[in-house]
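Data from data18.cif: mmCIF, C-alpha atoms and all ligand atoms
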```cif
data_entry
#
loop_
_atom_site.label_atom_id
_atom_site.label_comp_id
_atom_site.auth_asym_id
_atom_site.auth_seq_id
_atom_site.Cartn_x
_atom_site.Cartn_y
_atom_site.Cartn_z
CA MET V 501 -14.08 -18.01 10.91
CA LYS V 502 -10.50 -18.40 9.68
CA VAL V 503 -9.74 -16.15 6.70
CA LEU V 504 -6.76 -16.58 4.40
CA ILE V 505 -5.30 -13.39 2.91
CA VAL V 506 -3.39 -13.80 -0.35
CA ASN V 507 -1.20 -11.24 -2.09
CA ALA V 508 0.01 -12.74 -5.37
CA GLY V 509 2.91 -11.25 -7.28
CA SER V 510 4.26 -12.34 -10.65
CA SER V 511 6.67 -14.82 -9.02
CA SER V 512 5.50 -14.88 -5.42
CA LEU V 513 2.58 -15.55 -3.10
CA LYS V 514 2.43 -13.89 0.29
CA TYR V 515 -0.24 -15.13 2.66
CA GLN V 516 -1.56 -14.76 6.15
CA LEU V 517 -4.13 -16.83 8.00
CA ILE V 518 -6.24 -14.83 10.43
CA ASP V 519 -8.68 -16.16 13.01
CA MET V 520 -11.47 -13.61 12.78
CA ASP V 521 -12.95 -14.64 16.15
CA ASN V 522 -10.12 -12.69 17.81
CA GLU V 523 -8.36 -11.16 14.76
CA GLN V 524 -5.17 -13.04 15.65
CA THR V 525 -2.72 -13.97 12.92
CA LEU V 526 -2.20 -17.73 13.02
CA ALA V 527 0.50 -17.95 10.36
CA LYS V 528 2.36 -15.85 7.81
CA GLY V 529 3.92 -17.35 4.74
CA LEU V 530 5.70 -16.71 1.49
CA VAL V 531 6.18 -18.75 -1.67
CA GLU V 532 8.80 -17.22 -3.95
CA ARG V 533 10.64 -17.77 -7.22
CA ILE V 534 7.50 -19.24 -8.79
CA GLY V 535 7.89 -20.15 -12.47
CA MET V 536 11.45 -18.85 -12.66
CA GLY V 537 13.13 -22.18 -13.40
CA GLY V 538 15.48 -23.71 -10.85
CA VAL V 539 14.30 -24.15 -7.30
CA GLY V 540 11.65 -22.08 -5.64
CA HIS V 541 11.27 -21.42 -1.95
CA ALA V 542 8.33 -21.70 0.44
CA GLU V 543 8.32 -20.76 4.08
CA MET V 544 5.81 -20.19 6.84
CA LYS V 545 6.14 -18.56 10.23
CA VAL V 546 4.04 -19.02 13.34
CA ASP V 547 4.61 -16.46 16.12
CA GLY V 548 7.66 -15.24 14.19
CA LYS V 549 9.24 -18.72 14.21
CA THR V 550 9.91 -20.50 10.92
CA VAL V 551 7.97 -23.78 10.97
CA PHE V 552 8.05 -24.63 7.26
CA ASP V 553 11.01 -24.14 4.94
CA VAL V 554 11.09 -25.97 1.62
CA GLU V 555 13.14 -25.53 -1.54
CA GLU V 556 11.87 -27.26 -4.69
CA PRO V 557 10.87 -26.38 -8.24
CA ILE V 558 7.62 -24.32 -8.26
CA GLY V 559 6.47 -24.25 -11.86
CA ASP V 560 3.39 -22.08 -11.53
CA HIS V 561 1.01 -20.41 -9.08
CA VAL V 562 -1.11 -23.60 -8.74
CA LYS V 563 2.00 -25.37 -7.47
CA GLY V 564 2.64 -22.36 -5.26
CA CYS V 565 -0.86 -22.61 -3.77
CA GLN V 566 -0.39 -26.33 -3.19
CA LEU V 567 2.76 -25.56 -1.22
CA MET V 568 0.89 -22.94 0.79
CA ILE V 569 -1.75 -25.56 1.64
CA ARG V 570 0.96 -28.09 2.51
CA ALA V 571 2.48 -25.59 4.95
CA LEU V 572 -0.87 -24.59 6.50
CA THR V 573 -2.00 -28.22 6.95
CA ASP V 574 1.40 -29.71 7.82
CA LYS V 575 0.81 -32.53 10.35
CA GLU V 576 3.49 -31.38 12.77
CA ASN V 577 3.66 -27.61 12.41
CA GLY V 578 0.55 -26.65 10.44
CA VAL V 579 -2.15 -24.39 11.86
CA VAL V 580 -5.26 -26.14 10.45
CA LYS V 581 -6.23 -29.83 10.12
CA ASP V 582 -7.50 -29.42 6.59
CA MET V 583 -8.53 -26.64 4.27
CA SER V 584 -12.23 -26.96 5.18
CA GLU V 585 -11.33 -25.03 8.35
CA ILE V 586 -10.62 -21.98 6.19
CA GLY V 587 -13.91 -20.19 5.59
CA ALA V 588 -12.85 -17.68 2.95
CA VAL V 589 -9.95 -16.20 1.01
CA GLY V 590 -9.37 -12.48 0.59
CA HIS V 591 -7.22 -11.49 -2.38
CA ARG V 592 -5.36 -8.20 -2.60
CA VAL V 593 -5.85 -6.83 -6.12
CA LEU V 594 -4.04 -3.76 -7.39
CA HIS V 595 -6.30 -2.17 -9.96
CA GLY V 596 -10.07 -2.13 -9.95
CA GLY V 597 -10.27 0.66 -12.55
CA ASN V 598 -13.46 2.69 -12.28
CA LYS V 599 -15.60 -0.40 -11.69
CA PHE V 600 -14.94 -1.22 -8.06
CA SER V 601 -15.45 1.27 -5.26
CA GLU V 602 -15.74 -1.54 -2.70
CA SER V 603 -14.55 -5.07 -2.16
CA VAL V 604 -16.54 -7.81 -3.96
CA VAL V 605 -17.11 -11.55 -3.88
CA ILE V 606 -15.14 -13.03 -6.77
CA ASN V 607 -17.06 -14.52 -9.68
CA GLN V 608 -16.32 -14.81 -13.38
CA ALA V 609 -17.45 -11.24 -14.07
CA VAL V 610 -15.07 -9.90 -11.40
CA MET V 611 -12.20 -11.91 -12.86
CA ASP V 612 -13.06 -10.58 -16.32
CA ALA V 613 -12.94 -7.02 -14.97
CA ILE V 614 -9.55 -7.59 -13.30
CA GLU V 615 -8.37 -8.82 -16.68
CA GLU V 616 -9.92 -5.81 -18.42
CA PHE V 617 -7.81 -3.50 -16.20
CA ILE V 618 -4.50 -5.24 -16.99
CA PRO V 619 -3.43 -2.30 -19.22
CA LEU V 620 -3.76 -0.05 -16.14
CA GLY V 621 -1.88 -2.43 -13.82
CA PRO V 622 0.33 -4.38 -16.23
CA LEU V 623 2.65 -5.81 -13.57
CA HIS V 624 0.22 -6.57 -10.78
CA ASN V 625 -3.20 -7.40 -12.21
CA PRO V 626 -2.04 -10.45 -14.23
CA ALA V 627 -0.25 -11.76 -11.12
CA ASN V 628 -3.26 -11.08 -8.88
CA LEU V 629 -5.46 -12.90 -11.37
CA MET V 630 -3.08 -15.87 -11.52
CA GLY V 631 -3.23 -16.04 -7.71
CA ILE V 632 -7.03 -16.01 -7.74
CA LYS V 633 -7.26 -18.70 -10.43
CA ALA V 634 -4.70 -20.91 -8.69
CA CYS V 635 -6.48 -20.61 -5.33
CA ARG V 636 -9.83 -21.41 -6.96
CA GLU V 637 -8.30 -24.48 -8.51
CA VAL V 638 -6.96 -25.85 -5.23
CA MET V 639 -9.87 -24.58 -3.05
CA PRO V 640 -12.85 -24.79 -5.43
CA ASP V 641 -15.52 -24.61 -2.70
CA THR V 642 -14.08 -21.73 -0.66
CA PRO V 643 -15.67 -18.31 -1.27
CA MET V 644 -13.18 -15.63 -2.32
CA VAL V 645 -13.21 -11.85 -2.13
CA ALA V 646 -11.22 -9.25 -4.08
CA VAL V 647 -10.05 -6.16 -2.19
CA PHE V 648 -8.79 -3.45 -4.51
CA ASP V 649 -5.97 -0.98 -3.81
CA THR V 650 -7.83 1.62 -5.86
CA ALA V 651 -11.35 1.22 -4.40
CA PHE V 652 -11.22 3.74 -1.53
CA HIS V 653 -10.15 6.52 -3.90
CA GLN V 654 -13.17 6.13 -6.18
CA THR V 655 -14.98 8.86 -4.21
CA MET V 656 -12.62 11.55 -5.54
CA PRO V 657 -14.43 14.25 -7.51
CA PRO V 658 -13.57 14.67 -11.23
CA LYS V 659 -11.66 17.90 -10.55
CA ALA V 660 -9.23 15.84 -8.45
CA TYR V 661 -8.95 12.77 -10.64
CA MET V 662 -8.85 14.23 -14.14
CA TYR V 663 -5.58 15.00 -15.92
CA GLY V 664 -5.44 18.05 -18.18
CA VAL V 665 -5.10 16.11 -21.43
CA PRO V 666 -7.93 16.09 -24.02
CA TYR V 667 -11.13 14.60 -22.53
CA ASP V 668 -11.19 11.96 -25.23
CA TYR V 669 -8.37 10.09 -23.46
CA TYR V 670 -10.53 9.75 -20.37
CA GLU V 671 -13.50 8.49 -22.35
CA ARG V 672 -11.60 6.19 -24.67
CA LEU V 673 -8.64 5.02 -22.58
CA HIS V 674 -9.82 5.70 -18.98
CA VAL V 675 -6.87 8.03 -18.40
CA ARG V 676 -7.32 9.55 -14.93
CA ARG V 677 -5.93 9.44 -11.37
CA TYR V 678 -6.90 6.23 -9.58
CA GLY V 679 -4.68 6.23 -6.50
CA PHE V 680 -3.32 3.22 -4.59
CA HIS V 681 -2.77 1.97 -1.01
CA GLY V 682 -6.54 2.49 -0.70
CA THR V 683 -6.98 -0.32 1.81
CA SER V 684 -4.40 1.33 4.07
CA HIS V 685 -5.86 4.85 3.67
CA ARG V 686 -9.34 3.50 4.44
CA TYR V 687 -8.19 1.52 7.50
CA VAL V 688 -6.09 4.40 8.88
CA SER V 689 -8.75 7.08 8.30
CA LYS V 690 -11.36 4.93 10.07
CA ARG V 691 -9.00 4.22 12.98
CA THR V 692 -8.19 7.95 13.18
CA ALA V 693 -11.86 8.84 13.69
CA GLU V 694 -12.20 6.05 16.28
CA PHE V 695 -8.98 7.11 18.04
CA LEU V 696 -10.17 10.72 18.22
CA LYS V 697 -13.66 9.55 19.24
CA ARG V 698 -15.08 11.64 16.45
CA ASP V 699 -17.70 10.98 13.81
CA PRO V 700 -15.93 10.72 10.42
CA LYS V 701 -18.52 13.28 9.26
CA GLY V 702 -16.99 16.70 9.67
CA LEU V 703 -13.41 15.37 10.01
CA ARG V 704 -10.68 16.47 7.57
CA ILE V 705 -7.76 14.05 7.67
CA ILE V 706 -4.47 13.99 5.74
CA ILE V 707 -2.85 10.57 5.72
CA ALA V 708 0.83 10.12 4.87
CA HIS V 709 1.35 6.44 4.04
CA LEU V 710 5.15 6.42 3.79
CA GLY V 711 6.79 3.11 2.98
CA ASN V 712 8.90 1.85 0.13
CA GLY V 713 5.99 3.08 -1.95
CA SER V 714 4.44 6.23 -0.53
CA SER V 715 1.16 8.05 -1.02
CA LEU V 716 -0.78 10.78 0.72
CA SER V 717 -4.52 11.18 0.79
CA ALA V 718 -7.04 13.81 1.79
CA VAL V 719 -10.07 12.30 3.53
CA LYS V 720 -13.11 14.44 4.26
CA ASP V 721 -16.27 13.13 5.96
CA GLY V 722 -14.76 9.62 5.78
CA LYS V 723 -14.37 9.79 2.00
CA CYS V 724 -11.22 10.19 -0.06
CA VAL V 725 -11.24 13.52 -1.91
CA ASP V 726 -7.70 13.43 -3.30
CA THR V 727 -4.60 11.26 -3.33
CA SER V 728 -1.05 11.61 -4.59
CA MET V 729 -0.61 8.47 -6.70
CA GLY V 730 -2.05 8.60 -10.19
CA ILE V 731 -2.99 6.33 -13.06
CA THR V 732 -0.07 4.21 -11.78
CA PRO V 733 1.78 4.31 -8.43
CA LEU V 734 4.51 6.49 -10.00
CA GLU V 735 3.01 9.88 -9.16
CA GLY V 736 3.38 11.64 -5.81
CA VAL V 737 6.35 12.10 -3.48
CA ILE V 738 9.72 10.49 -4.22
CA MET V 739 9.72 6.89 -3.01
CA GLY V 740 12.23 4.10 -2.44
CA THR V 741 12.86 3.63 -6.15
CA ARG V 742 10.13 5.75 -7.82
CA SER V 743 10.70 9.29 -9.04
CA GLY V 744 7.33 10.68 -7.95
CA VAL V 745 5.73 13.53 -9.87
CA MET V 746 7.76 15.40 -12.51
CA ASP V 747 7.32 17.19 -15.80
CA PRO V 748 6.58 14.37 -18.30
CA ALA V 749 8.85 16.13 -20.80
CA VAL V 750 11.76 14.77 -18.71
CA VAL V 751 10.91 11.34 -20.15
CA GLN V 752 11.12 12.49 -23.75
CA TYR V 753 14.28 14.53 -23.12
CA ILE V 754 16.17 11.60 -21.59
CA CYS V 755 14.83 9.11 -24.17
CA ASP V 756 16.01 11.35 -27.03
CA ASN V 757 19.41 12.05 -25.54
CA ASP V 758 20.26 8.56 -24.33
CA HIS V 759 18.45 6.72 -27.16
CA ILE V 760 16.34 4.62 -24.87
CA SER V 761 12.68 3.69 -25.24
CA VAL V 762 9.79 5.04 -23.16
CA ASP V 763 9.51 1.56 -21.61
CA GLU V 764 13.14 1.67 -20.53
CA MET V 765 12.73 5.17 -19.16
CA LEU V 766 9.61 4.25 -17.19
CA ASN V 767 11.47 1.29 -15.78
CA ILE V 768 14.14 3.74 -14.60
CA CYS V 769 11.45 6.02 -13.12
CA ASN V 770 9.88 3.07 -11.26
CA LYS V 771 12.88 1.02 -10.20
CA LYS V 772 16.03 3.16 -10.21
CA SER V 773 14.88 6.59 -9.10
CA GLY V 774 13.68 8.12 -5.84
CA LEU V 775 15.79 7.64 -2.71
CA LEU V 776 17.93 5.07 -4.54
CA GLY V 777 18.48 7.18 -7.65
CA ILE V 778 19.21 10.42 -5.84
CA SER V 779 21.40 9.02 -3.03
CA GLY V 780 23.06 6.42 -5.27
CA LEU V 781 23.08 4.24 -2.15
CA SER V 782 19.84 2.52 -1.26
CA ASN V 783 16.07 2.57 -1.52
CA ASP V 784 15.82 1.90 2.21
CA MET V 785 15.26 5.01 4.30
CA ARG V 786 17.33 3.59 7.16
CA ASP V 787 20.43 3.46 4.93
CA VAL V 788 19.74 6.91 3.50
CA ASP V 789 19.27 8.37 7.00
CA LYS V 790 22.46 6.80 8.29
CA ALA V 791 24.49 8.11 5.34
CA ALA V 792 22.88 11.56 5.67
CA ARG V 793 23.86 11.69 9.35
CA GLU V 794 27.42 10.80 8.35
CA GLY V 795 27.48 13.74 5.95
CA HIS V 796 26.74 12.05 2.60
CA GLU V 797 25.50 14.99 0.51
CA ARG V 798 23.26 13.08 -1.91
CA ALA V 799 21.71 11.07 0.90
CA LYS V 800 20.90 14.38 2.60
CA LEU V 801 19.43 15.69 -0.64
CA ALA V 802 17.24 12.57 -1.11
CA ARG V 803 15.97 12.94 2.45
CA ASP V 804 15.34 16.68 2.01
CA MET V 805 13.42 16.03 -1.22
CA LEU V 806 11.17 13.51 0.52
CA VAL V 807 10.49 15.78 3.50
CA TYR V 808 9.81 18.76 1.21
CA GLY V 809 7.50 16.72 -1.04
CA ILE V 810 5.44 15.50 1.93
CA LYS V 811 5.15 19.07 3.26
CA LYS V 812 3.87 20.29 -0.12
CA TYR V 813 1.16 17.64 -0.29
CA ILE V 814 0.08 18.35 3.29
CA GLY V 815 -0.18 22.06 2.48
CA SER V 816 -2.10 21.50 -0.72
CA TYR V 817 -4.54 19.01 0.83
CA ALA V 818 -5.20 21.36 3.76
CA ALA V 819 -6.02 24.05 1.20
CA ALA V 820 -8.16 21.63 -0.82
CA MET V 821 -10.25 20.66 2.23
CA GLY V 822 -10.50 24.19 3.65
CA GLY V 823 -8.41 23.14 6.64
CA VAL V 824 -7.26 20.01 8.39
CA ASP V 825 -8.20 18.37 11.71
CA ALA V 826 -5.67 15.52 11.77
CA ILE V 827 -2.39 14.68 10.05
CA VAL V 828 -1.59 10.99 10.31
CA PHE V 829 1.68 9.12 9.71
CA THR V 830 1.62 5.44 8.80
CA ALA V 831 3.54 2.56 7.08
CA GLY V 832 7.26 1.66 7.43
CA ILE V 833 8.70 5.19 7.38
CA GLY V 834 5.66 6.98 8.82
CA GLU V 835 5.47 4.63 11.82
CA ASN V 836 9.17 4.23 12.51
CA ASN V 837 11.09 7.33 11.49
CA ILE V 838 11.05 9.82 14.37
CA GLU V 839 13.32 12.38 12.67
CA LEU V 840 11.37 12.36 9.43
CA ARG V 841 8.09 13.06 11.26
CA ARG V 842 9.83 15.85 13.18
CA ASP V 843 11.21 17.44 10.00
CA VAL V 844 7.95 17.15 8.06
CA MET V 845 6.06 18.83 10.91
CA ALA V 846 8.65 21.59 11.45
CA ASP V 847 7.32 25.11 10.79
CA MET V 848 3.73 23.93 10.35
CA GLU V 849 2.39 26.24 13.07
CA PHE V 850 0.89 28.44 10.33
CA LEU V 851 -1.45 25.51 9.70
CA GLY V 852 -2.21 25.12 13.42
CA ALA V 853 -0.12 21.94 13.58
CA LYS V 854 2.73 21.37 16.01
CA ILE V 855 4.19 18.17 17.41
CA ASP V 856 5.45 17.44 20.90
CA GLU V 857 9.04 16.26 20.38
CA GLU V 858 8.95 13.95 23.39
CA LYS V 859 5.70 12.30 22.39
CA ASN V 860 7.05 11.94 18.86
CA ALA V 861 10.21 10.26 20.13
CA SER V 862 8.16 7.97 22.37
CA VAL V 863 6.87 6.08 19.31
CA LYS V 864 9.68 3.55 19.15
CA PRO V 865 10.86 2.17 15.79
CA GLY V 866 9.56 -1.35 15.25
CA ARG V 867 7.03 -1.02 18.06
CA ALA V 868 4.71 1.77 16.95
CA THR V 869 1.29 1.94 18.53
CA GLU V 870 -1.53 4.42 17.95
CA THR V 871 -0.18 7.64 19.46
CA ASP V 872 -1.12 11.31 19.58
CA ILE V 873 2.16 13.16 18.99
CA SER V 874 0.70 16.67 18.83
CA ALA V 875 1.69 19.45 21.19
CA ALA V 876 -0.88 20.43 23.82
CA ASP V 877 -1.54 23.74 22.00
CA SER V 878 -1.73 22.21 18.50
CA LYS V 879 -5.12 22.85 16.89
CA VAL V 880 -4.48 20.02 14.46
CA LYS V 881 -4.05 16.51 15.85
CA VAL V 882 -0.87 14.84 14.63
CA LEU V 883 -1.02 11.07 15.01
CA VAL V 884 0.88 7.88 14.32
CA ILE V 885 -1.58 5.13 13.39
CA PRO V 886 0.04 1.84 12.33
CA THR V 887 -1.61 0.51 9.21
CA ASN V 888 -2.93 -3.04 8.97
CA GLU V 889 -3.96 -3.85 5.44
CA GLU V 890 -4.30 -7.57 6.18
CA ILE V 891 -6.89 -7.00 8.89
CA ALA V 892 -8.77 -4.62 6.60
CA ILE V 893 -8.82 -7.25 3.83
CA ALA V 894 -9.84 -9.97 6.29
CA ARG V 895 -12.70 -7.85 7.70
CA ASP V 896 -14.06 -7.10 4.22
CA THR V 897 -13.79 -10.77 3.32
CA LEU V 898 -15.61 -11.91 6.46
CA GLU V 899 -18.34 -9.30 6.01
CA LEU V 900 -19.00 -10.19 2.38
CA VAL V 901 -18.97 -13.97 2.76
CA SER V 902 -21.21 -13.74 5.84
CA LYS V 903 -23.91 -12.33 3.55
CA LEU V 904 -23.68 -15.25 1.08
P1 LIG V 1001 6.31 -1.34 1.52
O1 LIG V 1001 5.89 -0.18 0.69
O2 LIG V 1001 7.25 -2.27 0.81
O3 LIG V 1001 5.20 -2.04 2.26
P2 LIG V 1001 7.15 -0.57 4.20
O4 LIG V 1001 5.88 0.04 4.64
O5 LIG V 1001 7.59 -1.84 4.83
O6 LIG V 1001 7.24 -0.68 2.63
O7 LIG V 1001 8.29 0.54 4.45
C1 LIG V 1001 9.63 0.35 4.12
C2 LIG V 1001 10.40 1.57 4.62
O8 LIG V 1001 10.18 1.73 6.02
C3 LIG V 1001 11.91 1.47 4.43
O9 LIG V 1001 12.41 2.64 3.82
C4 LIG V 1001 12.46 1.31 5.82
O10 LIG V 1001 13.65 2.03 5.99
C5 LIG V 1001 11.39 1.87 6.72
N1 LIG V 1001 11.31 1.08 7.96
C6 LIG V 1001 10.70 -0.09 8.12
N2 LIG V 1001 10.86 -0.57 9.40
C7 LIG V 1001 11.61 0.34 10.04
C8 LIG V 1001 12.12 0.44 11.38
N3 LIG V 1001 11.90 -0.48 12.31
N4 LIG V 1001 12.86 1.55 11.67
C9 LIG V 1001 13.08 2.50 10.76
N5 LIG V 1001 12.63 2.45 9.49
C10 LIG V 1001 11.90 1.40 9.12
#
```
Turn the structure described in the file into structure tokens.
Ligand code: ADP
Amino acid sequence: MKVLIVNAGSSSLKYQLIDMDNEQTLAKGLVERIGMGGVGHAEMKVDGKTVFDVEEPIGDHVKGCQLMIRALTDKENGVVKDMSEIGAVGHRVLHGGNKFSESVVINQAVMDAIEEFIPLGPLHNPANLMGIKACREVMPDTPMVAVFDTAFHQTMPPKAYMYGVPYDYYERLHVRRYGFHGTSHRYVSKRTAEFLKRDPKGLRIIIAHLGNGSSLSAVKDGKCVDTSMGITPLEGVIMGTRSGVMDPAVVQYICDNDHISVDEMLNICNKKSGLLGISGLSNDMRDVDKAAREGHERAKLARDMLVYGIKKYIGSYAAAMGGVDAIVFTAGIGENNIELRRDVMADMEFLGAKIDEEKNASVKPGRATETDISAADSKVKVLVIPTNEEIAIARDTLELVSKL
């Protein structure tokens, strides 16, 4: 079966068509500048080569979906004859609140729930919902599945997900830690057990998903027991543009002094902080690294803060699980940044974890494969496991629609 994966943003649609008979990606595409006035842009790549490139006004997500279909079914360069060849659509959805601990086939009740959780995911959930509605309009007979970024973390115990504010806020407003990147943490933790040829039962894994957005998770017996992101993706280590965890009084202090609103301050915390805010240069780790190597003090500081933050989470999750069997690096930075992995794992012998510098350096940027980078005498396995959220979404989608 061919499965279409859709990730809808407020002004964009990213998609991938996967042939589930061999899990090969047939095409990858992007529709951008949707509903922004002026011309929008749609492109599609097959085997890394651009085969569709169109600029025209794209008023809404329905128009965006129509362009996606036009690209996929294009007579000359398309990858399917018509849309009936596509057996199902898997939608990436940010926030499933406390309702979804697994992926689900989309029906009206599921769409209502995604809408209900808009206050928890104010930027993403409305966009995800628009994407779902638009796809249903242009592909009314194709079954669709929602795969939630929060679902994998629903197994956390209350002591890990509760915040120390009055309980009433949890009951009335659902204030708690939800966690994100769940599809990646689930995929990587499962691959880790397979790679180590171990039953997930009895395994204690710490996953460092380090990208532009970063989160760590503690996975015990195949289940998430803690994660670093919170009620929103702002909590945790410093990220490309997010501040990560800090005393919330910082928000009030800056708002009062600079006469800005909480909304403005949270926008700063989400979009202007982290690597970008500290270095003053870039949110991209490659730029920060390069500047740090050239002696740029604030770039060095940003890098040090990230390394230190990751170390602290690893230490705390090892303590939380009563030890750790595997520490796993994944996502853009985790898979590609040799020096960052080396620095995070420095002086971790006390935990029984030590990397082999040569093995670590053998995982080449841009070409990471599943690799054991631990030293021969390391009690804890240290691994690089490239994430693949699209495959995870496609597998869930196939599994659920096969049962229909
Ligand atoms: P997102 O959270 O947007 O999915 P990614 O997982 O793509 O982010 O990670 C983006 C980060 O990964 C950037 O900071 C970038 O510097 C780093 N990165 C991505 N590819 C490479 C590479 N080939 N070499 C070094 N760093 C990389």
Ligand LIG 1001 (chain V): which residues are within 6 Å, counting only C-alpha atoms and all ligand atoms? Reply as a PDB file with C-alpha atoms, in the frame of the given file.
```
ATOM      1  CA  GLY V 711       6.790   3.110   2.980  1.00  0.00           C
ATOM      2  CA  ASN V 712       8.900   1.850   0.130  1.00  0.00           C
ATOM      3  CA  GLY V 713       5.990   3.080  -1.950  1.00  0.00           C
ATOM      4  CA  ASP V 784      15.820   1.900   2.210  1.00  0.00           C
ATOM      5  CA  MET V 785      15.260   5.010   4.300  1.00  0.00           C
ATOM      6  CA  ARG V 786      17.330   3.590   7.160  1.00  0.00           C
ATOM      7  CA  ALA V 831       3.540   2.560   7.080  1.00  0.00           C
ATOM      8  CA  GLY V 832       7.260   1.660   7.430  1.00  0.00           C
ATOM      9  CA  ILE V 833       8.700   5.190   7.380  1.00  0.00           C
ATOM     10  CA  ASN V 836       9.170   4.230  12.510  1.00  0.00           C
ATOM     11  CA  ASN V 837      11.090   7.330  11.490  1.00  0.00           C
ATOM     12  CA  PRO V 865      10.860   2.170  15.790  1.00  0.00           C
ATOM     13  CA  GLY V 866       9.560  -1.350  15.250  1.00  0.00           C
TER      14      GLY V 866
END
```
Between V:Val539, V:Leu673, V:Val688, V:Cys755, which has the minimum distance to Ile558 (chain V) (counting only C-alpha atoms)?
-> V:Val539
Quick one: pull the distance between CA of Lys549 (chain V) and CA of Ser511 (chain V), Å, one decimal.
-> 23.7 Å
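Comparing V:Ile885, V:Ala508, V:Leu710, V:Leu781 by their smallest distance to Glu694 (chain V), the closest is V:Ile885 (using all atoms listed in the file).
The gap separating CA of Asp721 (chain V) from CA of Ser816 (chain V) is 17.8 Å, in Å to one decimal.
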Could you pull the residues within 10 Å of region 849-864 of chain V, counting all atoms listed in the file, minus those fewer than 2 positions along the same chain, as a PDB file with C-alpha atoms, in the frame of the given file?
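Output file out.pdb follows:
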```
ATOM      1  CA  ILE V 814       0.080  18.350   3.290  1.00  0.00           C
ATOM      2  CA  GLY V 815      -0.180  22.060   2.480  1.00  0.00           C
ATOM      3  CA  ALA V 818      -5.200  21.360   3.760  1.00  0.00           C
ATOM      4  CA  ALA V 819      -6.020  24.050   1.200  1.00  0.00           C
ATOM      5  CA  GLY V 823      -8.410  23.140   6.640  1.00  0.00           C
ATOM      6  CA  VAL V 824      -7.260  20.010   8.390  1.00  0.00           C
ATOM      7  CA  ASP V 825      -8.200  18.370  11.710  1.00  0.00           C
ATOM      8  CA  ALA V 826      -5.670  15.520  11.770  1.00  0.00           C
ATOM      9  CA  ILE V 827      -2.390  14.680  10.050  1.00  0.00           C
ATOM     10  CA  GLU V 835       5.470   4.630  11.820  1.00  0.00           C
ATOM     11  CA  ASN V 836       9.170   4.230  12.510  1.00  0.00           C
ATOM     12  CA  ASN V 837      11.090   7.330  11.490  1.00  0.00           C
ATOM     13  CA  ILE V 838      11.050   9.820  14.370  1.00  0.00           C
ATOM     14  CA  GLU V 839      13.320  12.380  12.670  1.00  0.00           C
ATOM     15  CA  ARG V 841       8.090  13.060  11.260  1.00  0.00           C
ATOM     16  CA  ARG V 842       9.830  15.850  13.180  1.00  0.00           C
ATOM     17  CA  MET V 845       6.060  18.830  10.910  1.00  0.00           C
ATOM     18  CA  ALA V 846       8.650  21.590  11.450  1.00  0.00           C
ATOM     19  CA  ASP V 847       7.320  25.110  10.790  1.00  0.00           C
ATOM     20  CA  GLY V 866       9.560  -1.350  15.250  1.00  0.00           C
ATOM     21  CA  ARG V 867       7.030  -1.020  18.060  1.00  0.00           C
ATOM     22  CA  ALA V 868       4.710   1.770  16.950  1.00  0.00           C
ATOM     23  CA  THR V 869       1.290   1.940  18.530  1.00  0.00           C
ATOM     24  CA  GLU V 870      -1.530   4.420  17.950  1.00  0.00           C
ATOM     25  CA  THR V 871      -0.180   7.640  19.460  1.00  0.00           C
ATOM     26  CA  ASP V 872      -1.120  11.310  19.580  1.00  0.00           C
ATOM     27  CA  ILE V 873       2.160  13.160  18.990  1.00  0.00           C
ATOM     28  CA  SER V 874       0.700  16.670  18.830  1.00  0.00           C
ATOM     29  CA  ALA V 875       1.690  19.450  21.190  1.00  0.00           C
ATOM     30  CA  ALA V 876      -0.880  20.430  23.820  1.00  0.00           C
ATOM     31  CA  ASP V 877      -1.540  23.740  22.000  1.00  0.00           C
ATOM     32  CA  SER V 878      -1.730  22.210  18.500  1.00  0.00           C
ATOM     33  CA  LYS V 879      -5.120  22.850  16.890  1.00  0.00           C
ATOM     34  CA  VAL V 880      -4.480  20.020  14.460  1.00  0.00           C
ATOM     35  CA  LYS V 881      -4.050  16.510  15.850  1.00  0.00           C
ATOM     36  CA  VAL V 882      -0.870  14.840  14.630  1.00  0.00           C
ATOM     37  CA  LEU V 883      -1.020  11.070  15.010  1.00  0.00           C
ATOM     38  CA  VAL V 884       0.880   7.880  14.320  1.00  0.00           C
TER      39      VAL V 884
END
```
One decimal, Å: what's the distance from CA of Gly587 (chain V) over to CA of Ile518 (chain V), could you say?
-> 10.5 Å
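Closest approach to His681 (chain V) among V:Val554, V:Leu703, V:Ala588, V:Met729: V:Met729, based on only C-alpha atoms.
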Report the closest atom pair, with its distance in Å rounded to one decimal, for each residue of region 703-793 of chain V that has an atom no farther than 10 Å from region 611-624 of chain V; count only C-alpha atoms, sort by chain and then rising residue number, and write it as a tab-separated table.
```
residue	atom	partner	partner_atom	distance
V:Ile731	CA	V:Leu620	CA	7.1
V:Thr732	CA	V:Leu620	CA	7.1
V:Pro733	CA	V:Gly621	CA	9.4
```
Which one of V:Pro886, V:Tyr808, V:Asp668, V:Gly590 sits closest to Ile632 (chain V) if you count all atoms listed in the file?
-> V:Gly590
Within 12 Å of file point (1.7, -26.1, -14.4), counting all atoms listed in the file, expressed as a CSV table (one decimal) with C-alpha atoms, keeping the file's coordinate frame:
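As a result, out35.csv now contains:
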```csv
chain,number,residue,atom,x,y,z
V,534,ILE,CA,7.5,-19.2,-8.8
V,535,GLY,CA,7.9,-20.2,-12.5
V,557,PRO,CA,10.9,-26.4,-8.2
V,558,ILE,CA,7.6,-24.3,-8.3
V,559,GLY,CA,6.5,-24.2,-11.9
V,560,ASP,CA,3.4,-22.1,-11.5
V,561,HIS,CA,1.0,-20.4,-9.1
V,562,VAL,CA,-1.1,-23.6,-8.7
V,563,LYS,CA,2.0,-25.4,-7.5
V,564,GLY,CA,2.6,-22.4,-5.3
V,565,CYS,CA,-0.9,-22.6,-3.8
V,566,GLN,CA,-0.4,-26.3,-3.2
V,630,MET,CA,-3.1,-15.9,-11.5
V,634,ALA,CA,-4.7,-20.9,-8.7
V,637,GLU,CA,-8.3,-24.5,-8.5
```
